[in-house]
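**Student:** File target-v1.csv below, CSV, C-alpha atoms and all ligand atoms:
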```csv
chain,number,residue,atom,x,y,z
J,213,MET,CA,-0.2,-23.9,5.6
J,214,LYS,CA,-3.8,-23.0,5.1
J,215,ILE,CA,-3.7,-19.2,4.9
J,216,LEU,CA,-6.6,-16.8,5.1
J,217,CYS,CA,-5.7,-13.8,2.9
J,218,LEU,CA,-8.0,-10.8,3.3
J,219,GLY,CA,-7.6,-8.3,0.5
J,220,ALA,CA,-6.0,-11.0,-1.6
J,221,ALA,CA,-6.9,-9.3,-4.9
J,222,GLY,CA,-5.5,-5.9,-4.3
J,223,PHE,CA,-2.1,-4.7,-5.5
J,224,ILE,CA,0.0,-6.3,-2.8
J,225,GLY,CA,-2.5,-9.2,-2.2
J,226,SER,CA,-2.5,-10.4,-5.8
J,227,HIS,CA,1.3,-10.6,-6.0
J,228,LEU,CA,1.5,-12.2,-2.5
J,229,THR,CA,-1.3,-14.7,-3.2
J,230,LYS,CA,0.5,-15.9,-6.4
J,231,ARG,CA,3.7,-16.4,-4.5
J,232,MET,CA,2.1,-18.3,-1.7
J,233,LEU,CA,0.3,-20.6,-4.2
J,234,ASP,CA,3.7,-21.1,-6.0
J,235,GLU,CA,5.2,-22.1,-2.7
J,236,GLY,CA,2.5,-24.8,-2.2
J,237,HIS,CA,0.2,-23.2,0.4
J,238,THR,CA,-3.6,-23.5,0.4
J,239,ILE,CA,-5.2,-20.0,0.2
J,240,VAL,CA,-8.7,-18.8,1.2
J,241,ALA,CA,-8.8,-15.4,-0.6
J,242,VAL,CA,-11.3,-12.7,0.4
J,243,ASP,CA,-11.8,-9.5,-1.6
J,244,ILE,CA,-14.5,-7.3,-3.0
J,245,TYR,CA,-13.1,-7.7,-6.5
J,246,ASP,CA,-11.3,-10.5,-8.3
J,247,ASP,CA,-10.0,-8.9,-11.5
J,248,LYS,CA,-6.4,-8.7,-10.4
J,249,ILE,CA,-6.3,-12.4,-9.7
J,250,THR,CA,-8.2,-13.8,-12.7
J,251,GLU,CA,-5.1,-15.6,-14.1
J,252,PHE,CA,-5.0,-17.9,-11.0
J,253,LYS,CA,-8.5,-17.7,-9.6
J,254,ASP,CA,-9.2,-21.3,-10.6
J,255,HIS,CA,-6.1,-22.7,-9.0
J,256,GLU,CA,-6.9,-25.9,-7.2
J,257,ARG,CA,-5.5,-24.7,-3.9
J,258,LEU,CA,-7.3,-21.3,-4.0
J,259,THR,CA,-10.8,-20.7,-2.7
J,260,PHE,CA,-12.0,-17.2,-3.6
J,261,ILE,CA,-14.7,-15.6,-1.6
J,262,GLN,CA,-16.1,-12.4,-3.1
J,263,GLN,CA,-17.0,-10.4,0.0
J,264,ASP,CA,-17.2,-6.8,1.3
J,265,ILE,CA,-16.0,-7.3,4.9
J,266,ARG,CA,-18.2,-4.4,6.1
J,267,ARG,CA,-21.3,-6.5,5.4
J,268,PRO,CA,-22.5,-8.5,8.4
J,269,ASP,CA,-23.3,-11.6,6.4
J,270,TRP,CA,-20.0,-13.4,6.4
J,271,ASP,CA,-18.4,-15.9,8.6
J,272,LEU,CA,-15.2,-14.2,9.7
J,273,GLU,CA,-14.8,-16.3,12.8
J,274,ARG,CA,-15.1,-19.6,11.1
J,275,LEU,CA,-12.7,-18.6,8.4
J,276,VAL,CA,-10.2,-17.5,11.0
J,277,GLN,CA,-10.7,-20.7,13.0
J,278,ASP,CA,-10.1,-22.8,9.9
J,279,SER,CA,-6.8,-21.3,9.0
J,280,ASP,CA,-3.2,-21.6,10.3
J,281,LEU,CA,-2.3,-18.0,9.5
J,282,VAL,CA,-4.3,-14.8,8.8
J,283,ILE,CA,-3.0,-12.0,6.5
J,284,ASP,CA,-4.9,-8.8,6.6
J,285,LEU,CA,-4.3,-6.4,3.6
J,286,ILE,CA,-7.8,-4.8,3.6
J,287,ALA,CA,-7.4,-1.1,3.5
J,288,TYR,CA,-8.1,2.1,1.6
J,289,ALA,CA,-4.5,3.4,1.1
J,290,ASN,CA,-4.8,6.2,-1.4
J,291,PRO,CA,-4.4,9.9,-0.3
J,292,GLY,CA,-7.2,11.1,-2.5
J,293,LEU,CA,-9.6,9.0,-0.4
J,294,TYR,CA,-8.4,10.3,2.9
J,295,ILE,CA,-9.6,13.7,1.8
J,296,LYS,CA,-12.8,12.7,0.1
J,297,LEU,CA,-14.1,10.0,2.4
J,298,PRO,CA,-12.3,10.3,5.8
J,299,MET,CA,-15.0,8.4,7.8
J,300,GLU,CA,-15.0,5.5,5.4
J,301,VAL,CA,-11.2,5.4,5.6
J,302,PHE,CA,-11.4,5.3,9.4
J,303,ARG,CA,-14.2,2.7,9.4
J,304,LEU,CA,-12.5,0.3,7.0
J,305,ASN,CA,-8.9,0.8,8.2
J,306,PHE,CA,-9.7,0.7,11.9
J,307,THR,CA,-13.2,-0.5,12.9
J,308,GLU,CA,-13.5,-3.3,10.4
J,309,ASN,CA,-9.9,-4.4,10.7
J,310,LEU,CA,-10.2,-4.5,14.4
J,311,LYS,CA,-12.8,-7.2,14.1
J,312,ILE,CA,-10.3,-9.4,12.2
J,313,ALA,CA,-7.7,-8.8,14.9
J,314,ASP,CA,-10.2,-9.7,17.6
J,315,ALA,CA,-11.1,-13.0,15.8
J,316,CYS,CA,-7.4,-13.8,15.7
J,317,VAL,CA,-7.0,-13.1,19.4
J,318,LYS,CA,-10.1,-15.2,20.1
J,319,TYR,CA,-8.9,-18.2,18.2
J,320,LYS,CA,-5.2,-17.7,18.8
J,321,ARG,CA,-4.3,-17.4,15.2
J,322,ARG,CA,-1.1,-15.6,14.1
J,323,LEU,CA,-2.0,-12.4,12.2
J,324,ILE,CA,0.2,-10.5,9.7
J,325,GLN,CA,-1.3,-7.0,9.7
J,326,PHE,CA,-0.4,-4.6,6.9
J,327,SER,CA,0.0,-1.1,8.2
J,328,THR,CA,1.7,1.9,6.6
J,329,CYS,CA,4.9,4.0,6.7
J,330,GLU,CA,2.4,6.9,7.0
J,331,VAL,CA,2.3,6.2,10.8
J,332,TYR,CA,5.7,8.0,11.0
J,333,GLY,CA,4.0,11.1,9.6
J,334,ARG,CA,6.3,14.1,8.9
J,335,THR,CA,9.9,14.7,9.7
J,336,LEU,CA,11.4,16.8,12.4
J,337,VAL,CA,12.6,19.2,9.7
J,338,THR,CA,9.0,20.3,9.0
J,339,CYS,CA,8.4,21.1,12.7
J,340,ALA,CA,11.7,22.8,13.5
J,341,ASN,CA,11.0,25.9,11.4
J,342,GLY,CA,14.5,26.2,10.1
J,343,GLY,CA,16.0,25.4,13.5
J,344,LEU,CA,18.0,22.4,12.4
J,345,LYS,CA,21.6,23.0,11.3
J,346,ASP,CA,21.7,20.3,8.7
J,347,PRO,CA,18.1,19.7,7.5
J,348,GLU,CA,19.2,17.6,4.5
J,349,ASN,CA,20.7,15.0,6.8
J,350,PRO,CA,19.0,11.7,6.0
J,351,SER,CA,18.9,10.8,9.7
J,352,TYR,CA,16.0,13.2,10.2
J,353,ALA,CA,14.0,11.3,7.7
J,354,THR,CA,15.1,7.7,8.4
J,355,PHE,CA,12.4,5.9,10.4
J,356,SER,CA,13.1,2.9,12.6
J,357,GLU,CA,10.3,0.5,13.7
J,358,ASP,CA,10.8,0.6,17.4
J,359,THR,CA,12.4,3.9,18.2
J,360,SER,CA,11.2,6.6,15.8
J,361,GLU,CA,8.6,9.2,17.0
J,362,PHE,CA,5.4,9.7,15.2
J,363,ILE,CA,4.7,13.3,14.0
J,364,LEU,CA,1.2,13.8,12.6
J,365,GLY,CA,-0.4,17.1,11.6
J,366,PRO,CA,-3.3,18.9,13.2
J,367,VAL,CA,-6.9,17.4,13.2
J,368,GLU,CA,-8.1,19.8,10.6
J,369,LYS,CA,-5.7,18.3,8.2
J,370,HIS,CA,-7.9,15.2,7.9
J,371,ARG,CA,-5.5,13.4,5.6
J,372,TRP,CA,-3.9,12.1,8.8
J,373,ILE,CA,-7.0,10.0,9.7
J,374,TYR,CA,-5.5,7.1,7.7
J,375,ALA,CA,-2.2,7.2,9.5
J,376,CYS,CA,-3.9,7.6,12.8
J,377,ALA,CA,-6.3,4.7,12.2
J,378,LYS,CA,-3.4,2.5,11.3
J,379,GLN,CA,-1.4,3.7,14.2
J,380,LEU,CA,-4.2,3.0,16.6
J,381,LEU,CA,-4.7,-0.5,15.1
J,382,GLU,CA,-1.0,-1.2,15.6
J,383,ARG,CA,-1.2,0.0,19.2
J,384,VAL,CA,-4.2,-2.3,19.9
J,385,LEU,CA,-2.4,-5.3,18.4
J,386,HIS,CA,0.6,-4.5,20.6
J,387,ALA,CA,-1.6,-4.2,23.7
J,388,GLN,CA,-3.4,-7.5,22.9
J,389,GLY,CA,0.0,-9.1,22.5
J,390,LEU,CA,0.9,-7.9,26.0
J,391,GLU,CA,-2.3,-9.1,27.7
J,392,LYS,CA,-3.2,-12.2,25.7
J,393,GLU,CA,-1.6,-15.2,24.1
J,394,PHE,CA,-1.6,-13.5,20.7
J,395,ASN,CA,1.0,-13.5,18.0
J,396,TYR,CA,1.2,-10.9,15.2
J,397,THR,CA,3.6,-9.2,12.8
J,398,ILE,CA,3.0,-5.7,11.5
J,399,ILE,CA,4.3,-4.7,8.1
J,400,ARG,CA,4.9,-1.0,7.2
J,401,PRO,CA,5.3,-0.8,3.4
J,402,PHE,CA,7.3,2.1,2.0
J,403,ASN,CA,5.8,3.1,-1.4
J,404,PHE,CA,5.6,-0.2,-3.3
J,405,ILE,CA,5.1,0.1,-7.0
J,406,GLY,CA,4.7,-2.4,-9.8
J,407,PRO,CA,2.2,-3.9,-12.2
J,408,LYS,CA,-1.4,-3.6,-11.0
J,409,ILE,CA,-0.7,-0.9,-8.5
J,410,ASP,CA,-3.8,1.1,-9.3
J,411,TYR,CA,-6.4,1.7,-12.0
J,412,LEU,CA,-5.8,4.7,-14.1
J,413,LEU,CA,-7.7,7.9,-13.8
J,414,ASP,CA,-10.7,7.3,-16.1
J,415,GLU,CA,-12.1,4.9,-13.5
J,416,THR,CA,-11.0,6.3,-10.2
J,417,ASP,CA,-12.0,9.9,-10.0
J,418,GLY,CA,-8.7,11.1,-8.7
J,419,ILE,CA,-8.0,8.3,-6.2
J,420,PRO,CA,-4.8,6.5,-7.4
J,421,ARG,CA,-1.3,7.0,-6.2
J,422,VAL,CA,1.3,9.2,-8.0
J,423,PHE,CA,2.7,6.5,-10.3
J,424,SER,CA,-0.8,6.0,-11.8
J,425,PHE,CA,-1.5,9.7,-12.1
J,426,PHE,CA,1.8,10.1,-14.1
J,427,MET,CA,1.2,7.0,-16.1
J,428,ASP,CA,-2.3,8.2,-17.0
J,429,ALA,CA,-0.9,11.5,-18.1
J,430,LEU,CA,1.8,9.9,-20.3
J,431,ILE,CA,-0.7,7.5,-22.0
J,432,ASN,CA,-3.3,10.2,-22.6
J,433,GLY,CA,-1.0,13.2,-23.2
J,434,THR,CA,-2.4,15.2,-20.3
J,435,GLN,CA,-0.4,17.2,-17.8
J,436,MET,CA,1.8,15.6,-15.1
J,437,LYS,CA,0.9,17.6,-12.0
J,438,LEU,CA,3.3,18.3,-9.2
J,439,VAL,CA,1.5,18.9,-5.9
J,440,ASP,CA,3.1,21.9,-4.2
J,441,GLY,CA,6.1,21.9,-6.4
J,442,GLY,CA,7.0,18.2,-6.1
J,443,GLN,CA,9.9,18.7,-3.7
J,444,GLN,CA,8.5,16.0,-1.3
J,445,ARG,CA,10.5,12.7,-1.5
J,446,ARG,CA,9.7,9.0,-1.4
J,447,CYS,CA,11.6,5.8,-1.5
J,448,TYR,CA,10.1,3.5,-4.1
J,449,THR,CA,10.2,-0.3,-3.6
J,450,TYR,CA,9.6,-2.8,-6.4
J,451,ILE,CA,6.8,-5.2,-5.6
J,452,ASP,CA,9.0,-8.3,-6.3
J,453,ASP,CA,11.4,-7.1,-3.6
J,454,ALA,CA,8.6,-6.4,-1.3
J,455,ILE,CA,7.0,-9.8,-1.8
J,456,GLU,CA,10.3,-11.5,-1.2
J,457,CYS,CA,10.4,-9.9,2.3
J,458,ILE,CA,6.7,-10.4,3.0
J,459,TYR,CA,7.0,-14.1,2.1
J,460,ARG,CA,9.9,-14.5,4.6
J,461,VAL,CA,7.5,-13.0,7.2
J,462,VAL,CA,4.9,-15.6,6.2
J,463,GLU,CA,7.5,-18.3,6.8
J,464,ASN,CA,8.6,-16.7,10.1
J,465,PRO,CA,11.9,-18.6,10.5
J,466,ASN,CA,12.4,-19.6,14.1
J,467,GLY,CA,9.7,-17.2,15.2
J,468,ALA,CA,11.8,-14.2,14.1
J,469,CYS,CA,8.7,-12.2,13.3
J,470,ASP,CA,6.7,-12.9,16.4
J,471,LYS,CA,5.3,-9.6,17.8
J,472,GLN,CA,7.6,-7.7,15.5
J,473,ILE,CA,7.1,-4.6,13.3
J,474,PHE,CA,9.0,-4.5,10.0
J,475,ASN,CA,9.6,-1.6,7.6
J,476,ILE,CA,9.8,-2.9,4.1
J,477,GLY,CA,11.3,-0.5,1.6
J,478,SER,CA,14.3,0.5,-0.5
J,479,PRO,CA,16.2,3.3,1.2
J,480,ASP,CA,18.5,3.7,-1.8
J,481,ASN,CA,15.7,4.6,-4.2
J,482,GLU,CA,14.9,8.0,-2.8
J,483,VAL,CA,13.6,10.5,-5.3
J,484,SER,CA,11.6,13.7,-5.2
J,485,ILE,CA,8.2,13.7,-6.9
J,486,ARG,CA,9.6,16.2,-9.5
J,487,GLN,CA,12.4,13.8,-10.3
J,488,LEU,CA,10.0,10.9,-10.5
J,489,ALA,CA,7.9,12.8,-13.1
J,490,GLU,CA,11.0,13.6,-15.1
J,491,LYS,CA,12.3,10.1,-15.0
J,492,MET,CA,9.0,8.6,-16.0
J,493,ARG,CA,8.7,11.0,-18.9
J,494,ASP,CA,12.2,10.3,-20.0
J,495,ILE,CA,11.7,6.5,-19.9
J,496,TYR,CA,8.3,6.8,-21.6
J,497,ALA,CA,10.0,8.8,-24.4
J,498,GLU,CA,12.8,6.4,-24.7
J,499,LYS,CA,10.8,3.1,-24.6
J,500,PHE,CA,7.1,3.5,-25.2
J,501,ALA,CA,6.0,6.8,-26.7
J,502,ASP,CA,4.8,7.3,-30.2
J,503,PRO,CA,7.4,9.9,-31.4
J,504,SER,CA,4.7,11.9,-33.3
J,505,VAL,CA,2.7,12.6,-30.2
J,506,PRO,CA,4.1,15.3,-27.9
J,507,LEU,CA,5.1,14.4,-24.4
J,508,PRO,CA,3.0,15.8,-21.5
J,509,GLU,CA,4.2,19.0,-19.8
J,510,ILE,CA,5.0,18.9,-16.1
J,511,VAL,CA,3.1,21.6,-14.2
J,512,GLU,CA,2.8,22.7,-10.5
J,513,VAL,CA,-0.6,22.7,-8.7
J,514,SER,CA,-1.5,23.5,-5.1
J,515,ALA,CA,-2.5,20.7,-2.8
J,516,ASP,CA,-5.9,22.4,-2.2
J,517,GLU,CA,-6.5,22.4,-5.9
J,518,PHE,CA,-5.4,18.9,-6.4
J,519,TYR,CA,-6.8,17.1,-3.4
J,520,GLY,CA,-9.1,19.6,-1.7
J,521,LYS,CA,-8.9,21.1,1.8
J,522,GLY,CA,-7.4,18.9,4.5
J,523,TYR,CA,-4.3,17.7,2.8
J,524,GLU,CA,-0.9,17.9,4.3
J,525,ASP,CA,2.1,16.0,3.0
J,526,SER,CA,4.7,13.6,4.3
J,527,ASP,CA,7.8,15.6,3.3
J,528,ARG,CA,10.3,12.7,3.3
J,529,ARG,CA,10.5,9.1,4.5
J,530,ILE,CA,13.4,6.7,4.3
J,531,PRO,CA,13.0,3.2,5.8
J,532,ASP,CA,15.5,1.9,8.2
J,533,ILE,CA,15.5,-1.8,7.1
J,534,ARG,CA,18.2,-3.2,9.4
J,535,LYS,CA,15.7,-5.3,11.2
J,536,ALA,CA,14.5,-7.1,8.1
J,537,GLN,CA,18.1,-7.5,6.9
J,538,LYS,CA,19.1,-9.0,10.3
J,539,LEU,CA,16.2,-11.1,11.2
J,540,LEU,CA,15.1,-12.2,7.7
J,541,GLY,CA,18.3,-11.9,5.6
J,542,TRP,CA,16.4,-9.7,3.2
J,543,GLN,CA,17.9,-7.1,0.9
J,544,PRO,CA,16.0,-5.2,-1.8
J,545,LYS,CA,17.6,-5.5,-5.3
J,546,TRP,CA,15.6,-3.4,-7.7
J,547,GLY,CA,16.8,0.1,-8.6
J,548,LEU,CA,14.4,2.9,-9.5
J,549,ARG,CA,14.9,2.9,-13.3
J,550,ASP,CA,14.4,-0.8,-13.7
J,551,MET,CA,11.3,-0.9,-11.6
J,552,LEU,CA,9.8,2.1,-13.4
J,553,ILE,CA,10.4,0.4,-16.8
J,554,ASP,CA,8.8,-2.8,-15.6
J,555,SER,CA,5.8,-1.1,-14.1
J,556,MET,CA,5.3,1.2,-17.0
J,557,LYS,CA,5.5,-1.7,-19.5
J,558,TYR,CA,2.6,-3.4,-17.7
J,559,TYR,CA,0.4,-0.3,-18.2
J,560,VAL,CA,1.4,0.1,-21.8
J,561,THR,CA,0.9,-3.5,-22.8
J,562,GLU,CA,-1.4,-5.5,-20.4
J,563,TYR,CA,-3.4,-3.1,-18.5
J,564,MET,CA,-6.3,-2.7,-20.9
J,565,GLU,CA,-7.0,-6.5,-20.6
J,566,VAL,CA,-7.3,-6.3,-16.8
J,567,LYS,CA,-9.4,-3.2,-17.1
J,568,LYS,CA,-11.9,-4.9,-19.4
J,569,LYS,CA,-12.5,-7.5,-16.7
J,570,ARG,CA,-13.4,-4.9,-14.0
J,571,ILE,CA,-16.7,-5.8,-12.5
J,572,ASP,CA,-18.3,-2.4,-12.3
J,573,GLY,CA,-17.8,1.1,-13.6
J,574,GLU,CA,-16.4,3.9,-11.6
J,575,PHE,CA,-14.4,2.9,-8.5
J,576,MET,CA,-15.5,5.8,-6.4
J,577,HIS,CA,-19.1,5.0,-7.0
J,578,ASP,CA,-18.3,1.4,-6.0
J,579,ILE,CA,-16.9,2.5,-2.7
J,580,VAL,CA,-19.9,4.6,-1.8
J,581,ARG,CA,-22.2,1.8,-3.0
J,582,HIS,CA,-20.4,-0.8,-0.9
J,583,ALA,CA,-20.4,1.5,2.1
J,584,ASN,CA,-24.1,2.2,1.8
J,585,ALA,CA,-24.9,-1.5,1.4
J,586,ALA,CA,-22.9,-2.5,4.4
J,601,LIG,N1,1.5,13.7,-6.1
J,601,LIG,C1,1.8,14.6,-7.1
J,601,LIG,N2,1.1,14.5,-8.3
J,601,LIG,C2,0.1,13.6,-8.5
J,601,LIG,C3,-0.2,12.7,-7.4
J,601,LIG,C4,0.5,12.8,-6.2
J,601,LIG,O1,2.7,15.5,-7.0
J,601,LIG,O2,-0.4,13.5,-9.6
J,601,LIG,C5,2.3,13.8,-4.9
J,601,LIG,C6,1.6,13.7,-3.5
J,601,LIG,O3,1.2,15.0,-3.1
J,601,LIG,C7,2.7,13.1,-2.6
J,601,LIG,C8,3.4,12.2,-3.6
J,601,LIG,O4,3.1,12.6,-4.9
J,601,LIG,O5,3.6,14.1,-2.2
J,601,LIG,C9,3.1,10.7,-3.4
J,601,LIG,O6,1.7,10.6,-3.5
J,601,LIG,P1,1.0,9.2,-3.5
J,601,LIG,O7,-0.4,9.4,-3.9
J,601,LIG,O8,1.7,8.2,-4.4
J,601,LIG,O9,1.0,8.6,-2.0
J,601,LIG,P2,1.9,8.8,-0.7
J,601,LIG,O10,3.3,8.4,-1.0
J,601,LIG,O11,1.7,10.2,-0.3
J,601,LIG,O12,1.2,7.9,0.3
```
For this file, write the structure as structure tokens.
Ligand code: UDP
**Tutor:**
Amino acid sequence: MKILCLGAAGFIGSHLTKRMLDEGHTIVAVDIYDDKITEFKDHERLTFIQQDIRRPDWDLERLVQDSDLVIDLIAYANPGLYIKLPMEVFRLNFTENLKIADACVKYKRRLIQFSTCEVYGRTLVTCANGGLKDPENPSYATFSEDTSEFILGPVEKHRWIYACAKQLLERVLHAQGLEKEFNYTIIRPFNFIGPKIDYLLDETDGIPRVFSFFMDALINGTQMKLVDGGQQRRCYTYIDDAIECIYRVVENPNGACDKQIFNIGSPDNEVSIRQLAEKMRDIYAEKFADPSVPLPEIVEVSADEFYGKGYEDSDRRIPDIRKAQKLLGWQPKWGLRDMLIDSMKYYVTEYMEVKKKRIDGEFMHDIVRHANAA
């Protein structure tokens, strides 16, 4: 197939693009940066277009028309940004992404749209004020694609603008699919981690996800910070498992993914953020640390202090993956310890090389610069 992959050089995009090239597809890859795909950027079946999609000077319609399948991974997906630049998060994640969907509708191209598990929001437990008999029951936190309710916080907690933008985009795709001859698949990733997930702190001004915050603390011997005590839980999914599932969506056996939404995640890898910090510190001590350098301390900080006003957390989220198991025969294989070792190894050994190839300086400045230029 000829596949237009938008956001091909991000964390998920770089792993997915590599897999699609290995499977023999021809890829037109669009991204602002190229540093995560440098090792295969010159592949004969890859055309790389360095482009900020917010700028008017690119030919989205022609690229869509020329492809058999469109994959849209373009997003700001880091909680630090939802707080710092909420309008930019809305603009990129909804307004600009809608243009891609509209082009797919116009030219009747199948679209794989990346969304987020954040659309599910918080659990019933957080709204029930102690009114549930068995609040630990995983069924309160297990989210199914087609039946779960969405519980988002108040407007003043502007963190939810990301979840809301993604949710609205999903609803528009669904509505387009009802009214027009339009085929799409929506993917809701549950906390993927792996090599290349984010840049570490020195370049990102507080933007990356928790794995990178902790990794940065381990490498630099600074504090590992638990936001509001670190009791919140996540299910971590190794990028290789995720790519295996996503690639099956690309293949779409017998149209199994037509107009479907898929959770992709590892329900068995649930961990609190405090446990994650402790596990990462233990692994680092065991495998990577210089024994003469003291390990970082784990401290608690308030959400206001860490993110600023407007943050509210997802307390717990477990993916129901029965749909992917049934329709795609997919099963995640990686356990938490192994995926942490693999991801950490990358940051300890290879990361500095990628970092050197970064086009510009500080990432946050880049975002503002790109936004202003567009
Ligand atoms: N978090 C933390 N310390 C950090 C960074 C994040 O305790 O240094 C918490 C954050 O408040 C959230 C969880 O870790 O509860 C996961 O955050 P992440 O940024 O990875 O993204 P999310 O899973 O919320 O989308």
**Student:** Set the distance at 10 Å and use all atoms listed in the file: which residues neighbour stretch 430-441 of chain J once local chain neighbours fewer than 2 positions away are removed? I'd like the list as a ChimeraX atom specification.
**Tutor:** /J:412,422,424-428,443-444,484-486,489-490,492-493,496-497,500-502,505-519,525,556,559-560
**Student:** May I have the residues within 7 Å of stretch 280-285 of chain J as a list in words, using all atoms listed in the file and disregarding those fewer than 6 positions away in the same chain?
**Tutor:** Met213, Lys214, Ile215, Leu216, Cys217, Leu218, Gly219, Gly225, Arg321, Arg322, Leu323, Ile324, Gln325 and Phe326 of chain J
**Student:** Write out as an MDAnalysis selection string which residues come within 8 Å of stretch 549-553 of chain J when counting only C-alpha atoms, dropping same-chain ones fewer than 4 positions away.
**Tutor:** chainID J and resid 405:406 450 491:492 495 557
**Student:** Distance atom CA of J:Asn309-atom CA of J:Trp542, one decimal place?
**Tutor:**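 We find that atom CA of J:Asn309 and atom CA of J:Trp542 lie 27.9 Å from each other.
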**Student:** Mind pulling up the distance from atom O8 of ligand LIG 601 (chain J) to atom CA of J:Pro407?
**Tutor:**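 One can read the atom CA of J:Pro407 to atom O8 of ligand LIG 601 (chain J) distance as 14.4 Å.
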**Student:** With distances taken over only C-alpha atoms, which residue among J:Ile239, J:Ile265, J:Ala221, J:Ile451 lies nearest J:Phe402?
**Tutor:**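 Distance minimum relative to J:Phe402 lands on J:Ile451.
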